[in-house]
Amino acid sequence: MKVSQRGLVEMNLDAQYKYVIIGNSAAGIGCVEGIRRVDKEGSIAVISEEKMHTYSRCLTSYYIAGVVDDEKILFRPKDYYEKKKVTPILGKKVVKIFPGENYIVLDDGTKIGYLSLMIATGASPVIYDIPGNNKPGVFVLRTYEDARRISEAAAPGKRAVVMGGGLVGLKSADALHAKGVEVWVIVTSPQIMSQTMDRDGAEILRKQLEENGIKVMTETNVEEIIGDKKVEAVRLSTGQTLTCDIVIFAKGVRPNISLAKDAGIDTDYGILVDTHMRTSVPNIYAAGDVAEAKDFITGERYIHAIWPNAVEQGCIAGQNMAGHDVEYAGGIAMNSVDLFGLASIAVGFTRPRGKDHGYEIISRSIPEKKFYRKIVLKDGVIVGAICIGEVEAAGVFAGLIKKRANVSRIKELLLREDFDYAKVLGEGLIADTSYFATA
Amino acid sequence: MKKKIIVKLDKCIGCRSCEIACAREHSPSKSGERITADTRKALSRISIKTGLTNPTDAPEMRPRKGKSKTEIATGKAYPIRCRHCDDPKCVEACMSGALIKNEEGAVIHDPDKCVGCWMCIMACPYGAIKRDLENKIIVKCDLCSHRDMPACVEACKTGAIVCIVGEKSEQQNESIAEGSG
């Protein structure tokens with residue numbers, strides 16, 4: 001494929017690129033790298049509303065805590081765009097996509113043509129409709145700017161209420177606590193991390209937080225944010241009032257689909273994509289937190305809004321955009337969080353509930369070591385695993401999930417503290433000849 | 001030069017010389033000892049792990065007395081280390097940008113960028129990445145990019161760990177450099 005000059009004239013375009021990527025985070029960068037695996041020269045433009053060089057959203061809480069700075073938060077080196085021959089168009093918002101005519105329009109009116117387009121617009125934090133939610137002192141944590149603002153507000157002696165006990169909530173709480181802020185985490189569910197962790201694991205993590213001075217209240221809602229000119233307190237569903245200076249909404253995210261929806265691209269909760277990460281328009285792809293893609297375990301479409309899946313999907317889409325034929329096997333949930341030195345990882349489907357049938361759960365807990373492990377099996381195949389304390393084997397479990405290996409034979413071994421890849425090989429579950437050669 | 005390390009399993013007797021050589025090579029003083037100026041502990045990037053039974057005729061490893069975490073493992077020895085995958089899951093999962101696959105095909109870790117989120121550990125199906133708890137970062141094999149022959153290969157007395165050097169490192173029939181057996 002060659003970029004023609006025709007489009008520039010007929011459509012009155014200001015510029016034209018072979019590949020246009022909307023989004024400069026995990027999926028966008030994954031896409032650049034996927035394209036460059038196949039096509040070393042084709043022109044690429046990366047467009048983002050944010051002015052910042054590509055950085056890691058997962059590091060924003062580390063930024064608040066002061067663990068990373070403006071330099072270290074960058075996801076790729078400063079000369080990255082140059083080295084990858086990418087034109088960054090930063091601080092500009094895409095306002096419209098014209099799928100039939102193959103061009104997009106920026107907020108300053110610039111028209112940019114493409115041969116193939118990637119929509120990696122991500123997701124945005126949800127701010128619940130409660131009184132006082134727009135007062136100064138109310139924050140969300142998603143972008144570098146969010147982190148910078150929270151970081152400015154956070155100081156020793158201040159008090160913060162974090163709404164939500166998921167990863168973003170807990171990481172924000174951890175970061176604020178590191179800055180000397182007194183922190184309450186207010187959770188609607190009966191447990192923290194209700195999306196990723198089972199109840200027993202969540203209880204261990206809650207204890208870890210509380211032992212280290214973060215207060216957690218479950219089955220509680222914030223009903224009102226009180227304050228004259230800025231946040232002064234919150235009123236809880238328990239009737240209690242908590243004095244505070246900072247409120248953080250960490251109640252989940254919603255995919256940014258409006259751009260795609262307005263362009264007539266098929267959407268549901270997210271942008272619907274096939275196993276090639278292609279949308280309903282053949283030369284438009286989507287990846288990351290905005291894309292509703294195949295789930296590895298169920299085969300249905302689902303959004304696992306996590307970093308590794310975004311990079312992988314972007315990379316697969318990029319290769320396909322450049323003419324290769326790469327299929328996405330499907331994503332699984334995968335989360336890792338280290339709270340005050342206690343590591344915890346949950347992979348796959350870890351919480352079968354009453355309505356889910358046919359699952360077998362095995363688990364082991366050694367409270368004095370803060371060791372907890374739970375394996376969820378279906379028909380002898382691992383579909384989910386939780387590791388707390390000892391996490392080195394978590395990847396091996398994730399690998400077994402993806403290999404759909406029948407582990408019935410080694411079931412007891414899975415719960416051993418020293419379970420590792422050698423046990424899998426030793427029992428002949430996987431023949432790994434690419435690395436382990438026979439003489 | 002592209003390097004690839006493979007393991008001839010039937011030759012590994014689990015002597016752990018590779019672990020010692022690796023830890024020494026990656027310690028600040030290269031002696032394996034802790035020195036005061038730099039508190040980094042000497043950690044090996046290769047680990048001898050044991051399968052519990054012995055499906056082949058390969059030599060069995062002796063029980064590691066008091067060494068394993070709670071239970072004493074016996075069985076066939078497997079040297080576990082990073083194999084620098086063509087499509088590395090750890091690089092995909094690394095949210096800090098500390099892990100990259102370089103032009104020589106090695107998966108390289110930048111300790112200054114690492115924040116110890118353990119996402120790579122979560123993604124590596126081989127369990128080949130270790131935690132350095134003291135510094136809250138990970139450690140992994142760097143293919144000894146600073147020397148020709150990887151330390152583990154040099155230290156392997158039985159010729160179980162083999163380094164293949166060449167452009168097409170996938171092909172085993174290129175120049176095979178064995179350790180100083």
# chains A, B, ... in the order shown; residues from 1 in each chain; ligands from 1
>>> interface_residues(of="chain B", to="chain A", cutoff="7 Å", atoms="only C-alpha atoms", output="PyMOL selection string")
chain B and resi 6-10+49-55+69+76+78+92-93+95-97+113+117-119+121-127+130
>>> write_last_selection(atoms="N, CA and C atoms", output="tab-separated table (two decimals), in the first residue's frame")
chain	number	residue	atom	x	y	z
B	6	ILE	N	20.38	-22.85	25.57
B	6	ILE	CA	19.44	-23.97	25.73
B	6	ILE	C	19.99	-24.92	26.78
B	7	VAL	N	19.15	-25.81	27.25
B	7	VAL	CA	19.56	-26.72	28.31
B	7	VAL	C	19.40	-28.15	27.83
B	8	LYS	N	20.49	-28.93	27.98
B	8	LYS	CA	20.39	-30.35	27.69
B	8	LYS	C	20.04	-31.04	29.00
B	9	LEU	N	18.77	-31.31	29.14
B	9	LEU	CA	18.24	-31.75	30.43
B	9	LEU	C	18.90	-32.99	31.00
B	10	ASP	N	19.17	-33.95	30.11
B	10	ASP	CA	19.71	-35.21	30.59
B	10	ASP	C	21.10	-35.05	31.19
B	49	LYS	N	15.46	-25.72	39.84
B	49	LYS	CA	14.20	-26.12	40.47
B	49	LYS	C	14.04	-27.61	40.25
B	50	THR	N	13.24	-28.23	41.09
B	50	THR	CA	13.10	-29.68	40.95
B	50	THR	C	11.69	-30.10	40.62
B	51	GLY	N	11.61	-31.01	39.66
B	51	GLY	CA	10.35	-31.69	39.40
B	51	GLY	C	10.25	-32.77	40.47
B	52	LEU	N	9.07	-33.20	40.80
B	52	LEU	CA	8.97	-34.12	41.94
B	52	LEU	C	9.23	-35.56	41.57
B	53	THR	N	8.93	-35.91	40.36
B	53	THR	CA	9.22	-37.28	39.95
B	53	THR	C	10.22	-37.21	38.82
B	54	ASN	N	10.64	-38.32	38.38
B	54	ASN	CA	11.68	-38.36	37.38
B	54	ASN	C	11.22	-39.16	36.17
B	55	PRO	N	10.61	-38.48	35.21
B	55	PRO	CA	10.05	-39.22	34.09
B	55	PRO	C	11.10	-39.79	33.13
B	69	LYS	N	11.65	-23.97	50.78
B	69	LYS	CA	10.92	-23.08	51.66
B	69	LYS	C	10.31	-23.79	52.86
B	76	LYS	N	14.08	-34.65	39.55
B	76	LYS	CA	14.87	-34.17	38.43
B	76	LYS	C	15.11	-32.65	38.53
B	78	TYR	N	15.82	-28.97	37.05
B	78	TYR	CA	15.55	-28.15	35.86
B	78	TYR	C	16.14	-26.76	36.06
B	92	GLU	N	5.29	-7.17	27.44
B	92	GLU	CA	3.92	-6.72	27.24
B	92	GLU	C	3.31	-6.23	28.55
B	93	ALA	N	3.61	-6.93	29.63
B	93	ALA	CA	2.99	-6.62	30.92
B	93	ALA	C	3.69	-5.48	31.65
B	95	MET	N	4.53	-2.31	32.90
B	95	MET	CA	3.87	-1.02	32.79
B	95	MET	C	4.80	0.15	33.04
B	96	SER	N	6.02	-0.12	33.49
B	96	SER	CA	6.93	1.00	33.76
B	96	SER	C	7.89	1.23	32.61
B	97	GLY	N	7.88	0.33	31.63
B	97	GLY	CA	8.83	0.45	30.52
B	97	GLY	C	10.22	-0.01	30.89
B	113	LYS	N	14.26	1.91	36.09
B	113	LYS	CA	12.87	2.16	35.70
B	113	LYS	C	11.88	1.26	36.45
B	117	CYS	N	6.33	-3.80	40.53
B	117	CYS	CA	4.88	-4.02	40.49
B	117	CYS	C	4.55	-5.49	40.30
B	118	TRP	N	5.54	-6.26	39.91
B	118	TRP	CA	5.46	-7.73	39.73
B	118	TRP	C	4.54	-8.13	38.58
B	119	MET	N	4.26	-7.19	37.67
B	119	MET	CA	3.39	-7.54	36.54
B	119	MET	C	4.08	-8.55	35.62
B	121	ILE	N	6.16	-10.85	36.53
B	121	ILE	CA	6.10	-12.16	37.19
B	121	ILE	C	4.75	-12.81	36.91
B	122	MET	N	3.73	-11.96	36.91
B	122	MET	CA	2.37	-12.42	36.65
B	122	MET	C	2.22	-12.94	35.22
B	123	ALA	N	3.07	-12.43	34.33
B	123	ALA	CA	2.91	-12.75	32.91
B	123	ALA	C	3.84	-13.86	32.43
B	124	CYS	N	4.94	-14.11	33.12
B	124	CYS	CA	5.94	-15.08	32.62
B	124	CYS	C	5.48	-16.50	32.89
B	125	PRO	N	5.19	-17.28	31.83
B	125	PRO	CA	4.67	-18.63	32.05
B	125	PRO	C	5.73	-19.60	32.58
B	126	TYR	N	6.98	-19.18	32.59
B	126	TYR	CA	8.05	-20.08	33.03
B	126	TYR	C	8.50	-19.79	34.46
B	127	GLY	N	7.95	-18.77	35.06
B	127	GLY	CA	8.37	-18.43	36.42
B	127	GLY	C	9.84	-18.09	36.47
B	130	LYS	N	12.61	-13.26	39.12
B	130	LYS	CA	12.67	-13.28	40.59
B	130	LYS	C	12.45	-11.90	41.16
>>> residues_around(residues="Ile362 in chain A", least_positions_apart="5", cutoff="8 Å", atoms="only C-alpha atoms", output="ChimeraX atom specification")
/A:374-376,415
>>> residues_around(residues="Val32 in chain A", least_positions_apart="2", cutoff="8 Å", atoms="only C-alpha atoms", output="ChimeraX atom specification")
/A:28-30,34-36,44,84,314-315,318
>>> write_last_selection(atoms="C-alpha atoms", output="tab-separated table (two decimals), in the first residue's frame")
chain	number	residue	atom	x	y	z
A	28	GLY	CA	-1.46	3.08	21.09
A	29	ILE	CA	2.19	2.30	21.77
A	30	GLY	CA	1.52	-1.44	21.43
A	34	GLY	CA	3.06	-4.05	16.16
A	35	ILE	CA	3.16	-1.99	12.96
A	36	ARG	CA	6.94	-1.65	13.13
A	44	ILE	CA	2.52	6.71	11.47
A	84	LYS	CA	10.14	4.60	15.54
A	314	GLY	CA	-2.50	-2.93	20.25
A	315	CYS	CA	0.42	-4.99	19.04
A	318	GLY	CA	-0.75	-3.09	14.53
>>> atom_distance(atom1="CA of Gln319 in chain A", atom2="CA of Lys83 in chain A")
18.3 Å
>>> residues_around(residues="Ala106 in chain B", least_positions_apart="6", cutoff="7 Å", atoms="only C-alpha atoms", output="PDB file with C-alpha atoms, in the first residue's frame")
ATOM      1  CA  HIS B  84      14.216 -14.307  25.903  1.00  0.00           C
ATOM      2  CA  ASP B 142      20.504 -10.485  30.823  1.00  0.00           C
ATOM      3  CA  LEU B 143      22.286 -13.082  28.680  1.00  0.00           C
TER       4      LEU B 143
END
>>> residues_around(residues="range 144-156 of chain A", least_positions_apart="4", cutoff="7 Å", atoms="only C-alpha atoms", output="list in words")
Thr60, Ser61, Tyr63, Ile64, Phe139, Val140, Leu176, Lys179, Gly180 and Val181 of chain A
>>> write_last_selection(atoms="N, CA and C atoms", output="mmCIF file, in the first residue's frame")
data_model
loop_
_atom_site.group_PDB
_atom_site.id
_atom_site.type_symbol
_atom_site.label_atom_id
_atom_site.label_comp_id
_atom_site.auth_asym_id
_atom_site.auth_seq_id
_atom_site.Cartn_x
_atom_site.Cartn_y
_atom_site.Cartn_z
ATOM 1 N N THR A 60 0.904 6.528 37.799
ATOM 2 C CA THR A 60 0.426 7.802 38.342
ATOM 3 C C THR A 60 0.380 7.795 39.871
ATOM 4 N N SER A 61 0.008 6.639 40.454
ATOM 5 C CA SER A 61 -0.020 6.594 41.924
ATOM 6 C C SER A 61 1.410 6.653 42.479
ATOM 7 N N TYR A 63 3.686 8.319 41.142
ATOM 8 C CA TYR A 63 4.057 9.726 40.984
ATOM 9 C C TYR A 63 3.593 10.522 42.206
ATOM 10 N N ILE A 64 2.364 10.254 42.628
ATOM 11 C CA ILE A 64 1.836 10.944 43.819
ATOM 12 C C ILE A 64 2.705 10.630 45.034
ATOM 13 N N PHE A 139 -11.164 14.669 43.240
ATOM 14 C CA PHE A 139 -10.266 14.269 42.152
ATOM 15 C C PHE A 139 -10.636 12.899 41.593
ATOM 16 N N VAL A 140 -10.122 12.629 40.391
ATOM 17 C CA VAL A 140 -10.076 11.262 39.868
ATOM 18 C C VAL A 140 -8.602 10.990 39.583
ATOM 19 N N LEU A 176 -1.246 8.253 48.827
ATOM 20 C CA LEU A 176 -1.557 9.383 49.713
ATOM 21 C C LEU A 176 -0.996 9.129 51.109
ATOM 22 N N LYS A 179 2.458 9.938 51.461
ATOM 23 C CA LYS A 179 2.716 11.380 51.552
ATOM 24 C C LYS A 179 2.306 11.955 52.911
ATOM 25 N N GLY A 180 1.930 11.088 53.835
ATOM 26 C CA GLY A 180 1.583 11.547 55.173
ATOM 27 C C GLY A 180 0.135 11.953 55.338
ATOM 28 N N VAL A 181 -0.685 11.588 54.350
ATOM 29 C CA VAL A 181 -2.109 11.921 54.414
ATOM 30 C C VAL A 181 -2.843 10.810 55.177
#
>>> atom_distance(atom1="CA of Ala287 in chain A", atom2="CA of Ala317 in chain A")
7.3 Å
>>> select_by_dssp(residues="range 182-426 of chain A", states="helix (DSSP H, G or I)", output="ChimeraX atom specification")
/A:199-211,258-262,288-290,307-321,367-369,394-403,408-415,421-426
>>> residues_around(residues="Met321 in chain A", least_positions_apart="5", cutoff="10 Å", atoms="only C-alpha atoms", output="count of residues only")
21
>>> select_by_dssp(residues="range 69-164 of chain B", states="strand (DSSP E or B)", output="number ranges by chain")
B: 75-80, 99-101, 107-109, 130-132, 137-139, 161-164
>>> residues_around(residues="range 222-224 of chain A", least_positions_apart="5", cutoff="10 Å", atoms="only C-alpha atoms", output="CSV table (one decimal) with N, CA and C atoms, in the first residue's frame")
chain,number,residue,atom,x,y,z
A,128,TYR,N,-19.7,9.7,40.2
A,128,TYR,CA,-21.1,9.5,40.5
A,128,TYR,C,-21.8,10.8,40.8
A,129,ASP,N,-23.1,10.7,40.6
A,129,ASP,CA,-23.9,11.9,40.7
A,129,ASP,C,-24.3,12.0,42.2
A,130,ILE,N,-23.4,12.6,43.0
A,130,ILE,CA,-23.8,12.9,44.4
A,130,ILE,C,-23.6,14.4,44.6
A,131,PRO,N,-24.3,15.0,45.6
A,131,PRO,CA,-24.1,16.4,45.8
A,131,PRO,C,-22.7,16.7,46.2
A,132,GLY,N,-22.2,17.8,45.6
A,132,GLY,CA,-20.9,18.3,46.0
A,132,GLY,C,-19.7,17.7,45.2
A,133,ASN,N,-20.1,16.9,44.1
A,133,ASN,CA,-19.0,16.1,43.4
A,133,ASN,C,-18.1,17.0,42.6
A,161,VAL,N,-10.5,11.0,51.6
A,161,VAL,CA,-11.5,9.9,51.5
A,161,VAL,C,-11.4,9.4,50.1
A,162,VAL,N,-11.1,8.1,50.0
A,162,VAL,CA,-11.0,7.4,48.7
A,162,VAL,C,-12.3,6.6,48.5
A,163,MET,N,-13.0,6.9,47.4
A,163,MET,CA,-14.2,6.2,47.2
A,163,MET,C,-13.9,5.1,46.2
A,164,GLY,N,-14.0,3.8,46.7
A,164,GLY,CA,-13.7,2.7,45.8
A,164,GLY,C,-12.6,1.9,46.3
A,186,ILE,N,-13.5,4.0,51.3
A,186,ILE,CA,-15.0,3.8,51.5
A,186,ILE,C,-15.4,2.9,50.3
A,187,VAL,N,-15.9,1.7,50.7
A,187,VAL,CA,-16.2,0.7,49.7
A,187,VAL,C,-17.7,0.3,49.8
A,188,THR,N,-18.4,0.3,48.6
A,188,THR,CA,-19.8,-0.1,48.6
A,188,THR,C,-20.0,-1.6,48.9
A,233,ALA,N,-15.8,17.9,54.2
A,233,ALA,CA,-16.2,16.6,54.8
A,233,ALA,C,-17.0,15.8,53.8
A,234,VAL,N,-17.3,14.5,54.2
A,234,VAL,CA,-18.2,13.7,53.4
A,234,VAL,C,-19.2,13.2,54.4
A,235,ARG,N,-20.4,13.0,53.9
A,235,ARG,CA,-21.5,12.3,54.7
A,235,ARG,C,-21.6,10.9,54.2
A,236,LEU,N,-21.6,9.9,55.1
A,236,LEU,CA,-21.6,8.5,54.7
A,236,LEU,C,-23.0,8.0,54.9
A,237,SER,N,-23.3,6.8,54.2
A,237,SER,CA,-24.6,6.2,54.3
A,237,SER,C,-24.9,5.7,55.7
A,238,THR,N,-23.8,5.6,56.6
A,238,THR,CA,-24.0,5.2,57.9
A,238,THR,C,-24.5,6.4,58.8
A,239,GLY,N,-24.6,7.6,58.2
A,239,GLY,CA,-25.0,8.8,58.9
A,239,GLY,C,-23.8,9.5,59.5
A,240,GLN,N,-22.6,8.9,59.5
A,240,GLN,CA,-21.4,9.5,60.0
A,240,GLN,C,-20.9,10.6,59.1
A,241,THR,N,-20.2,11.6,59.6
A,241,THR,CA,-19.6,12.6,58.8
A,241,THR,C,-18.0,12.5,59.0
A,242,LEU,N,-17.3,12.4,57.9
A,242,LEU,CA,-15.8,12.4,58.0
A,242,LEU,C,-15.3,13.7,57.5
>>> atom_distance(atom1="CA of Ile225 in chain A", atom2="CA of Ala250 in chain A")
14.8 Å
>>> closest_residue(among="B:Arg83, B:Lys89, B:His26, B:Lys136", to="Gly105 in chain B", atoms="only C-alpha atoms")
B:Arg83
